[in-house]
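Chemist: If it helps, the file is called final.txt and holds compact mmCIF, C-alpha atoms:
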# COMPACT_ATOMS: atom_id res chain seq x y z
CA MET A 105 111.05 89.64 84.41
CA LEU A 106 109.90 90.46 80.93
CA ASP A 107 112.07 92.38 78.50
CA VAL A 108 109.69 95.29 78.02
CA SER A 109 111.65 96.96 75.23
CA LYS A 110 111.56 93.71 73.25
CA LEU A 111 107.90 93.24 74.14
CA ARG A 112 106.97 96.71 72.89
CA ALA A 113 108.43 95.90 69.49
CA ASP A 114 105.67 93.31 69.10
CA PHE A 115 103.03 96.07 69.11
CA PRO A 116 103.30 98.26 66.01
CA ILE A 117 100.93 100.96 67.24
CA LEU A 118 103.24 101.80 70.16
CA SER A 119 105.77 103.30 67.74
CA ARG A 120 103.39 105.92 66.38
CA GLN A 121 102.91 109.54 67.44
CA VAL A 122 99.77 111.34 68.58
CA ASN A 123 99.68 115.14 68.45
CA ASN A 124 103.38 115.06 67.49
CA LYS A 125 104.23 113.22 70.70
CA PRO A 126 105.14 109.55 71.19
CA LEU A 127 102.00 107.61 72.01
CA ILE A 128 101.67 106.67 75.68
CA TYR A 129 98.73 104.30 75.77
CA LEU A 130 97.20 104.13 79.25
CA ASP A 131 93.66 103.10 78.29
CA ASN A 132 94.26 99.37 78.50
CA GLY A 133 91.36 98.86 80.90
CA ALA A 134 89.06 99.80 78.03
CA SER A 135 90.86 97.80 75.35
CA ALA A 136 94.42 96.58 74.86
CA GLN A 137 96.56 97.03 71.77
CA LYS A 138 97.29 94.08 69.47
CA PRO A 139 100.63 92.35 68.86
CA GLN A 140 101.78 91.78 65.31
CA VAL A 141 101.18 88.03 65.58
CA VAL A 142 97.46 88.66 66.15
CA ILE A 143 97.28 91.19 63.32
CA ASP A 144 99.06 88.72 61.02
CA ALA A 145 96.73 85.88 62.03
CA VAL A 146 93.63 87.94 61.30
CA THR A 147 95.06 89.10 57.96
CA GLN A 148 96.02 85.54 57.01
CA ALA A 149 92.59 84.22 57.90
CA TYR A 150 90.76 86.82 55.82
CA SER A 151 93.26 86.83 52.95
CA HIS A 152 93.90 83.13 52.42
CA GLU A 153 91.83 80.90 54.71
CA TYR A 154 88.35 82.33 55.12
CA ALA A 155 85.19 80.24 54.84
CA ASN A 156 82.23 79.51 57.06
CA VAL A 157 82.77 76.87 59.70
CA HIS A 158 81.06 73.54 60.46
CA ARG A 159 78.78 73.59 57.44
CA GLY A 160 81.10 72.86 54.53
CA LEU A 161 82.98 69.81 53.35
CA HIS A 162 85.42 71.70 51.15
CA TYR A 163 89.06 72.44 51.98
CA LEU A 164 88.68 76.05 53.17
CA SER A 165 85.71 75.27 55.39
CA ASN A 166 87.55 72.39 56.99
CA LEU A 167 90.65 74.52 57.52
CA ALA A 168 88.66 77.39 59.08
CA THR A 169 86.72 74.93 61.25
CA ASP A 170 89.90 73.29 62.53
CA LYS A 171 91.51 76.64 63.40
CA TYR A 172 88.32 78.00 64.95
CA GLU A 173 87.59 74.93 67.08
CA ALA A 174 91.24 74.70 68.21
CA VAL A 175 90.68 77.98 70.07
CA ARG A 176 88.27 76.24 72.43
CA GLY A 177 91.14 74.13 73.69
CA ILE A 178 93.44 77.16 73.96
CA ILE A 179 90.90 78.99 76.12
CA ALA A 180 90.35 75.90 78.26
CA LYS A 181 94.11 75.73 78.84
CA PHE A 182 94.31 79.46 79.57
CA LEU A 183 91.58 79.19 82.23
CA ASN A 184 92.44 75.62 83.29
CA ALA A 185 88.90 74.45 82.60
CA GLY A 186 88.16 70.81 83.21
CA ALA A 187 87.14 70.20 79.60
CA GLU A 188 87.01 72.04 76.28
CA SER A 189 83.24 71.53 76.25
CA GLU A 190 82.98 73.90 79.24
CA ILE A 191 84.05 76.80 76.99
CA VAL A 192 81.25 78.61 75.16
CA PHE A 193 82.33 81.11 72.52
CA THR A 194 80.83 84.60 72.83
CA SER A 195 81.46 88.02 71.36
CA GLY A 196 82.81 89.14 74.74
CA ALA A 197 82.03 89.24 78.44
CA THR A 198 78.83 91.24 77.95
CA GLU A 199 77.28 88.59 75.74
CA GLY A 200 78.56 85.90 78.09
CA ILE A 201 76.90 87.40 81.15
CA ASN A 202 73.69 88.00 79.22
CA LEU A 203 73.80 84.36 78.13
CA ILE A 204 73.78 83.26 81.76
CA SER A 205 71.02 85.72 82.59
CA TYR A 206 68.74 84.50 79.81
CA ALA A 207 69.67 80.82 79.59
CA TRP A 208 70.34 79.89 83.22
CA ALA A 209 68.84 82.51 85.54
CA ALA A 210 65.63 83.60 83.80
CA PRO A 211 64.08 80.12 83.62
CA ARG A 212 64.98 79.35 87.25
CA LEU A 213 64.46 82.53 89.27
CA ARG A 214 61.12 83.72 90.58
CA ALA A 215 59.85 86.96 92.16
CA GLY A 216 61.61 87.52 95.45
CA ASP A 217 64.65 85.43 94.58
CA GLU A 218 67.94 87.28 95.12
CA ILE A 219 71.11 87.99 93.19
CA ILE A 220 74.07 89.36 95.16
CA LEU A 221 76.26 91.96 93.43
CA SER A 222 79.20 94.04 94.59
CA ILE A 223 79.09 97.80 94.29
CA MET A 224 82.15 97.60 92.02
CA GLU A 225 80.41 95.87 89.12
CA HIS A 226 80.66 97.04 85.54
CA HIS A 227 77.31 97.77 83.91
CA ALA A 228 77.73 94.53 81.92
CA ASN A 229 77.41 92.65 85.20
CA ILE A 230 74.54 94.81 86.44
CA VAL A 231 72.10 95.49 83.61
CA PRO A 232 71.35 91.82 82.73
CA TRP A 233 70.29 91.30 86.35
CA HIS A 234 68.18 94.46 86.26
CA PHE A 235 66.34 92.84 83.35
CA LEU A 236 65.34 90.06 85.75
CA ARG A 237 64.42 92.59 88.42
CA GLU A 238 62.17 94.47 85.98
CA ARG A 239 60.62 91.45 84.28
CA GLN A 240 60.48 88.80 87.00
CA GLY A 241 60.65 90.63 90.32
CA VAL A 242 64.13 89.38 91.21
CA VAL A 243 65.78 91.28 94.08
CA LEU A 244 69.30 92.71 93.70
CA LYS A 245 71.33 92.78 96.92
CA TRP A 246 74.41 95.00 96.99
CA VAL A 247 77.59 94.49 99.00
CA GLU A 248 79.77 97.57 99.42
CA THR A 249 83.53 97.94 99.68
CA ASP A 250 85.42 99.30 102.66
CA ALA A 251 87.23 102.66 102.73
CA ASN A 252 90.24 101.20 100.89
CA GLY A 253 88.12 99.75 98.12
CA ASP A 254 88.42 96.16 99.34
CA LEU A 255 85.50 93.75 99.09
CA ASP A 256 85.30 91.50 102.14
CA PRO A 257 84.43 87.94 101.02
CA GLU A 258 82.80 87.33 104.39
CA ALA A 259 80.46 90.27 103.79
CA VAL A 260 79.44 88.73 100.47
CA LEU A 261 78.81 85.35 102.08
CA ALA A 262 76.93 86.96 104.97
CA ALA A 263 74.52 88.50 102.45
CA ILE A 264 73.35 85.03 101.38
CA SER A 265 69.80 84.21 102.44
CA PRO A 266 67.50 81.26 101.68
CA ARG A 267 66.28 83.23 98.61
CA THR A 268 69.78 83.82 97.17
CA LYS A 269 70.11 82.10 93.78
CA LEU A 270 73.30 83.65 92.39
CA ILE A 271 76.35 85.75 93.29
CA ALA A 272 77.73 87.83 90.40
CA VAL A 273 81.01 89.57 91.17
CA THR A 274 84.00 91.07 89.42
CA HIS A 275 87.42 89.49 89.77
CA MET A 276 89.09 92.89 89.39
CA SER A 277 87.49 96.33 89.50
CA ASN A 278 87.85 98.34 86.31
CA VAL A 279 87.74 101.55 88.39
CA LEU A 280 89.59 100.82 91.62
CA GLY A 281 91.87 98.05 90.43
CA THR A 282 90.86 95.99 93.47
CA VAL A 283 91.45 92.26 93.06
CA VAL A 284 88.67 90.32 94.78
CA ASP A 285 89.27 87.07 96.66
CA VAL A 286 86.84 85.23 94.42
CA LYS A 287 88.14 81.82 95.50
CA LYS A 288 87.02 82.41 99.06
CA ILE A 289 83.64 83.64 97.84
CA CYS A 290 83.16 80.65 95.53
CA HIS A 291 84.14 78.02 98.08
CA GLY A 292 81.98 79.61 100.78
CA ALA A 293 79.03 79.97 98.42
CA ARG A 294 79.29 76.38 97.26
CA GLU A 295 78.94 75.21 100.86
CA LYS A 296 75.63 77.08 100.89
CA GLY A 297 74.55 75.79 97.49
CA VAL A 298 74.78 79.19 95.74
CA PRO A 299 76.43 79.38 92.29
CA VAL A 300 78.88 82.18 91.48
CA LEU A 301 79.45 84.07 88.24
CA ILE A 302 82.73 85.94 87.92
CA ASP A 303 83.35 88.80 85.51
CA GLY A 304 86.98 88.19 84.58
CA SER A 305 87.21 90.94 81.97
CA GLN A 306 89.92 92.86 83.84
CA ALA A 307 91.62 90.14 85.88
CA ALA A 308 92.30 87.55 83.19
CA VAL A 309 94.75 89.80 81.34
CA HIS A 310 96.81 90.65 84.41
CA GLN A 311 97.23 87.38 86.33
CA PRO A 312 96.91 83.60 86.05
CA VAL A 313 93.33 82.32 86.28
CA ASP A 314 92.46 78.77 87.31
CA VAL A 315 88.70 78.31 87.28
CA GLN A 316 88.92 74.87 88.87
CA ASP A 317 90.93 76.18 91.79
CA ILE A 318 88.66 79.22 92.12
CA GLY A 319 85.63 76.95 92.14
CA CYS A 320 83.33 79.22 90.15
CA ASP A 321 80.33 78.14 88.10
CA PHE A 322 80.69 80.78 85.38
CA TYR A 323 83.69 82.89 84.31
CA ALA A 324 83.54 85.54 81.58
CA ILE A 325 86.46 86.79 79.48
CA THR A 326 86.59 89.26 76.62
CA GLY A 327 89.13 89.08 73.82
CA HIS A 328 89.77 92.74 73.13
CA LYS A 329 91.24 93.28 76.62
CA LEU A 330 93.40 90.16 76.19
CA TYR A 331 95.32 91.66 73.23
CA GLY A 332 92.93 89.91 70.85
CA PRO A 333 90.32 91.20 68.39
CA SER A 334 87.13 92.92 69.44
CA GLY A 335 84.08 90.71 69.04
CA SER A 336 85.84 87.71 70.58
CA GLY A 337 85.47 86.13 73.98
CA ALA A 338 84.23 83.16 75.93
CA MET A 339 82.26 82.00 78.92
CA TYR A 340 83.47 79.17 81.10
CA ILE A 341 80.37 77.26 82.20
CA ARG A 342 80.78 74.30 84.50
CA ARG A 343 79.31 71.15 82.98
CA ASP A 344 76.54 70.68 85.54
CA ARG A 345 75.41 74.28 85.04
CA GLN A 346 75.31 73.80 81.26
CA LEU A 347 72.85 70.99 81.76
CA GLN A 348 70.56 73.38 83.65
CA MET A 349 70.51 75.96 80.84
CA GLN A 350 67.97 76.56 78.12
CA PRO A 351 69.11 77.90 74.72
CA PHE A 352 69.20 81.67 74.47
CA LEU A 353 69.61 82.28 70.71
CA GLY A 354 68.12 80.00 68.09
CA GLY A 355 69.50 78.96 64.71
CA GLY A 356 72.56 77.54 63.04
CA ASP A 357 74.83 75.20 64.94
CA MET A 358 72.81 75.13 68.14
CA ILE A 359 70.39 72.63 66.61
CA ARG A 360 70.78 68.96 65.74
CA GLU A 361 67.45 68.47 63.98
CA VAL A 362 64.48 70.67 63.02
CA SER A 363 61.04 69.66 61.77
CA ARG A 364 57.72 71.43 61.42
CA ASP A 365 56.67 70.26 64.85
CA ALA A 366 59.83 69.98 66.90
CA VAL A 367 63.46 70.92 67.38
CA LEU A 368 66.27 68.80 68.78
CA TYR A 369 69.08 70.87 70.27
CA ASN A 370 72.77 70.21 69.90
CA ASP A 371 74.93 69.26 72.86
CA PRO A 372 76.75 71.94 74.87
CA PRO A 373 78.71 74.03 74.13
CA MET A 374 77.25 74.18 70.60
CA LYS A 375 73.77 74.39 72.12
CA PHE A 376 74.57 77.96 73.14
CA GLU A 377 76.32 79.10 69.95
CA ALA A 378 73.73 80.10 67.35
CA GLY A 379 74.40 81.46 63.89
CA THR A 380 77.60 82.22 62.03
CA PRO A 381 80.17 83.03 64.72
CA GLY A 382 83.01 85.52 64.83
CA ILE A 383 85.31 83.06 63.10
CA VAL A 384 88.34 85.24 62.49
CA GLN A 385 87.92 87.11 65.75
CA GLN A 386 88.11 83.87 67.72
CA ILE A 387 91.09 82.65 65.72
CA GLY A 388 92.81 85.93 66.59
CA LEU A 389 91.93 85.45 70.25
CA GLY A 390 93.52 82.02 70.23
CA VAL A 391 96.76 83.50 68.88
CA ALA A 392 96.63 86.26 71.52
CA LEU A 393 96.21 83.74 74.34
CA ASP A 394 99.06 81.60 73.02
CA TYR A 395 101.18 84.76 72.96
CA LEU A 396 100.29 85.51 76.60
CA MET A 397 100.91 81.96 77.75
CA ASP A 398 104.29 81.94 76.00
CA LEU A 399 105.22 85.06 77.98
CA GLY A 400 103.81 83.48 81.14
CA MET A 401 100.93 85.00 83.07
CA ALA A 402 102.96 84.90 86.29
CA ASN A 403 105.72 86.88 84.55
CA ILE A 404 103.18 89.41 83.32
CA ALA A 405 101.73 89.77 86.83
CA SER A 406 105.21 90.30 88.29
CA GLN A 407 106.09 92.93 85.69
CA GLU A 408 102.85 94.81 86.25
CA ARG A 409 103.29 94.80 90.04
CA VAL A 410 106.58 96.68 89.62
CA LEU A 411 104.85 99.15 87.32
CA ARG A 412 101.91 99.51 89.74
CA ASP A 413 104.15 100.19 92.71
CA TYR A 414 106.13 102.82 90.83
CA ALA A 415 103.01 104.55 89.52
CA GLN A 416 101.42 104.46 92.95
CA SER A 417 104.45 106.06 94.61
CA ARG A 418 104.61 108.82 91.98
CA LEU A 419 100.89 109.57 92.11
CA GLN A 420 100.93 109.69 95.92
CA GLY A 421 103.47 112.50 95.66
CA LEU A 422 100.82 114.75 94.10
CA ASN A 423 98.91 116.00 97.14
CA TRP A 424 96.29 117.69 94.96
CA LEU A 425 95.41 114.44 93.20
CA HIS A 426 92.79 112.11 94.65
CA VAL A 427 93.19 108.45 93.70
CA GLN A 428 90.18 106.22 94.29
CA GLY A 429 90.91 102.89 95.94
CA GLN A 430 93.93 102.00 98.05
CA SER A 431 93.55 98.24 98.23
CA ALA A 432 96.68 96.24 98.98
CA THR A 433 95.57 93.87 96.23
CA LYS A 434 95.23 96.68 93.70
CA GLY A 435 96.22 96.11 90.10
CA ALA A 436 97.80 98.74 87.88
CA ILE A 437 94.59 100.76 87.45
CA PHE A 438 94.36 104.28 88.85
CA SER A 439 91.20 106.40 88.78
CA PHE A 440 91.72 109.95 89.99
CA SER A 441 90.37 113.48 90.20
CA MET A 442 92.16 116.76 90.78
CA ASP A 443 91.71 119.72 93.10
CA GLY A 444 90.54 122.91 91.40
CA ALA A 445 88.45 123.48 88.31
CA ALA A 446 89.73 120.59 86.19
CA HIS A 447 87.00 118.17 85.19
CA ALA A 448 88.00 114.62 84.24
CA HIS A 449 87.34 115.44 80.60
CA ASP A 450 89.59 118.50 80.84
CA ILE A 451 92.39 116.41 82.31
CA SER A 452 92.00 113.81 79.59
CA THR A 453 92.14 116.49 76.88
CA VAL A 454 95.32 118.02 78.27
CA LEU A 455 96.95 114.61 78.51
CA ASP A 456 95.90 113.75 74.98
CA LYS A 457 97.70 116.84 73.69
CA ARG A 458 100.84 115.28 75.10
CA GLY A 459 100.18 111.95 73.43
CA ILE A 460 98.86 110.26 76.59
CA ALA A 461 95.67 108.22 76.19
CA VAL A 462 93.55 107.82 79.34
CA ARG A 463 89.85 107.25 79.97
CA ALA A 464 87.53 109.86 81.48
CA GLY A 465 83.97 109.53 82.77
CA THR A 466 82.06 107.02 84.89
CA HIS A 467 83.75 103.94 83.37
CA CYS A 468 80.46 102.03 83.00
CA ALA A 469 80.31 101.78 86.80
CA MET A 470 77.74 104.38 87.86
CA PRO A 471 76.67 102.69 91.11
CA LEU A 472 80.30 102.66 92.25
CA MET A 473 80.83 106.29 91.28
CA GLN A 474 77.71 107.26 93.22
CA TYR A 475 78.95 105.26 96.20
CA LEU A 476 82.33 107.04 96.02
CA GLY A 477 80.62 110.42 95.73
CA VAL A 478 82.34 111.43 92.50
CA GLY A 479 80.76 112.43 89.23
CA ALA A 480 83.62 111.37 86.98
CA THR A 481 87.27 110.42 87.15
CA CYS A 482 90.24 110.00 84.86
CA ARG A 483 91.61 106.49 84.66
CA ALA A 484 95.14 105.47 83.76
CA SER A 485 95.20 101.70 83.24
CA PHE A 486 98.52 100.03 82.57
CA ALA A 487 99.51 96.94 80.61
CA MET A 488 102.59 94.75 80.38
CA TYR A 489 104.09 96.94 77.64
CA ASN A 490 103.99 100.19 79.63
CA THR A 491 107.14 101.58 81.25
CA THR A 492 108.23 103.61 84.26
CA GLU A 493 109.29 106.34 81.82
CA GLU A 494 105.69 106.56 80.68
CA VAL A 495 104.64 106.91 84.31
CA ASP A 496 107.02 109.86 84.61
CA SER A 497 105.50 111.43 81.50
CA LEU A 498 102.03 111.00 83.01
CA ILE A 499 103.14 112.74 86.20
CA SER A 500 104.64 115.66 84.26
CA ALA A 501 101.44 116.04 82.25
CA LEU A 502 99.31 115.99 85.42
CA GLU A 503 101.51 118.67 86.96
CA LEU A 504 101.01 120.81 83.85
CA CYS A 505 97.27 120.21 84.03
CA HIS A 506 97.19 121.28 87.69
CA GLU A 507 99.00 124.52 86.81
CA LEU A 508 96.55 125.25 83.98
CA PHE A 509 93.42 124.86 86.11
CA ASN A 510 94.59 126.39 89.40
As a first step, turn the structure in this file into structure tokens.

Modeler:
Amino acid sequence: MLDVSKLRADFPILSRQVNNKPLIYLDNGASAQKPQVVIDAVTQAYSHEYANVHRGLHYLSNLATDKYEAVRGIIAKFLNAGAESEIVFTSGATEGINLISYAWAAPRLRAGDEIILSIMEHHANIVPWHFLRERQGVVLKWVETDANGDLDPEAVLAAISPRTKLIAVTHMSNVLGTVVDVKKICHGAREKGVPVLIDGSQAAVHQPVDVQDIGCDFYAITGHKLYGPSGSGAMYIRRDRQLQMQPFLGGGDMIREVSRDAVLYNDPPMKFEAGTPGIVQQIGLGVALDYLMDLGMANIASQERVLRDYAQSRLQGLNWLHVQGQSATKGAIFSFSMDGAAHAHDISTVLDKRGIAVRAGTHCAMPLMQYLGVGATCRASFAMYNTTEEVDSLISALELCHELFN
């Protein structure tokens, strides 16, 4: 098990107060806080090591290039990719999924072709496919969860038809916390010749991820949820899928040669990385991933399961609170509403007055909220640095909120 008190000391923001109360940060599903080693790495890069990458022959450019490119190998190790070249740098999962939509799907899909989505998807894994629906007549097929919030892999595979060209599915729901059996989906889809894109934005921070074992074609991660800087991230793209892709953005390092009459593109992954990148952001992400791997993703998963079980037992004791999703595979994410007049925004405001940060709204998952029949929920999303004492503080604040609005 992790030493949480020692771990918390690595995150300077956790020692501050909000509204004269100790900060209890339970909005990790939106973005995680940053350890001092990441803050120091970003400061060092900007203060003493900054230059543009790839283009220069001087000392600082070479140093920045070496540090920046080393992150590709760190991400490949973190995801157990088969090769560093299968890692494409992005500004986050949203850009990564859009990259696949524009560079792989758009040139290949025709009117009537199908993309299978789960009802749990974040808008970032919905809207890029709606672009193809609007512009090219692609059909979106939706697979719903059961009453517990579980997604049956067999239901996903059963939705495959001769016109199915892609399955795009979350690894972990940002609303329900449900962990999807993506390995079973990927292996079953491969037997039918259908590629699978996985949105790993939530899952990658909470558990080990092995893209080779999963068998996916595309896997998206975003740095700011992985205790790294915002504006950092990557897309794992299997080598054979890279060869099927056309460039999405043009300019900078994605070209090898340009003339008046022609352009010769660079090899992947550079082929899909145009312009000056988020140099320092990616360096910070590399430090964050090294930090996580030093702790051990299995250790993090074990710690968070204890926290999840404790939070679940305490929340279930509030018979006026309605928690969405009861999956046995659930991570430490709890979206809830309350009996009485309290809107999700009201609950969030009351909690904030007690120094507790939660999310309120539709969580960029409107189709799921419509399916659940709720307009908005509060979401408490836990991380490895949260404690059972903070769970108790959340429960006390919810009890106060219930008294205020009933």

Chemist: Pick from A:Asp254, A:Glu153, A:Glu377, A:Glu248: nearest to A:Val192, with all atoms listed in the file counted?

Modeler: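 Looking only at the distances to A:Val192, the closest residue turns out to be A:Glu377.
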
Chemist: In terms of the shortest atom-to-atom distance over all atoms listed in the file, which of A:Met401, A:Leu301, A:Ile264, A:Leu255 is closest to A:Thr282?

Modeler: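 Between A:Met401, A:Leu301, A:Ile264, A:Leu255, the residue approaching A:Thr282 most closely is A:Leu255.
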
Chemist: Hey, which of A:Lys125, A:Arg342, A:Arg159, A:His506 ends up closest to A:Ala187? Count only C-alpha atoms.

Modeler: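 For A:Ala187, the nearest of the given residues is A:Arg342.
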
Chemist: Just the number, please: distance in Å from atom CA of A:Asp114 to atom CA of A:Leu399, one decimal.

Modeler: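 Calculated distance between atom CA of A:Asp114 and atom CA of A:Leu399 is 12.1 Å.
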
Chemist: Looking at all atoms listed in the file, which of A:Pro139, A:Ala402, A:Thr268, A:Lys171 is the one that sits closest to A:Tyr154?

Modeler: A:Lys171

Chemist: Pick from A:Ser195, A:Asn184, A:Asn156, A:Gln140: nearest to A:Met397, with all atoms listed in the file counted?

Modeler: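 Checking each candidate against A:Met397, we get A:Asn184 as the closest.
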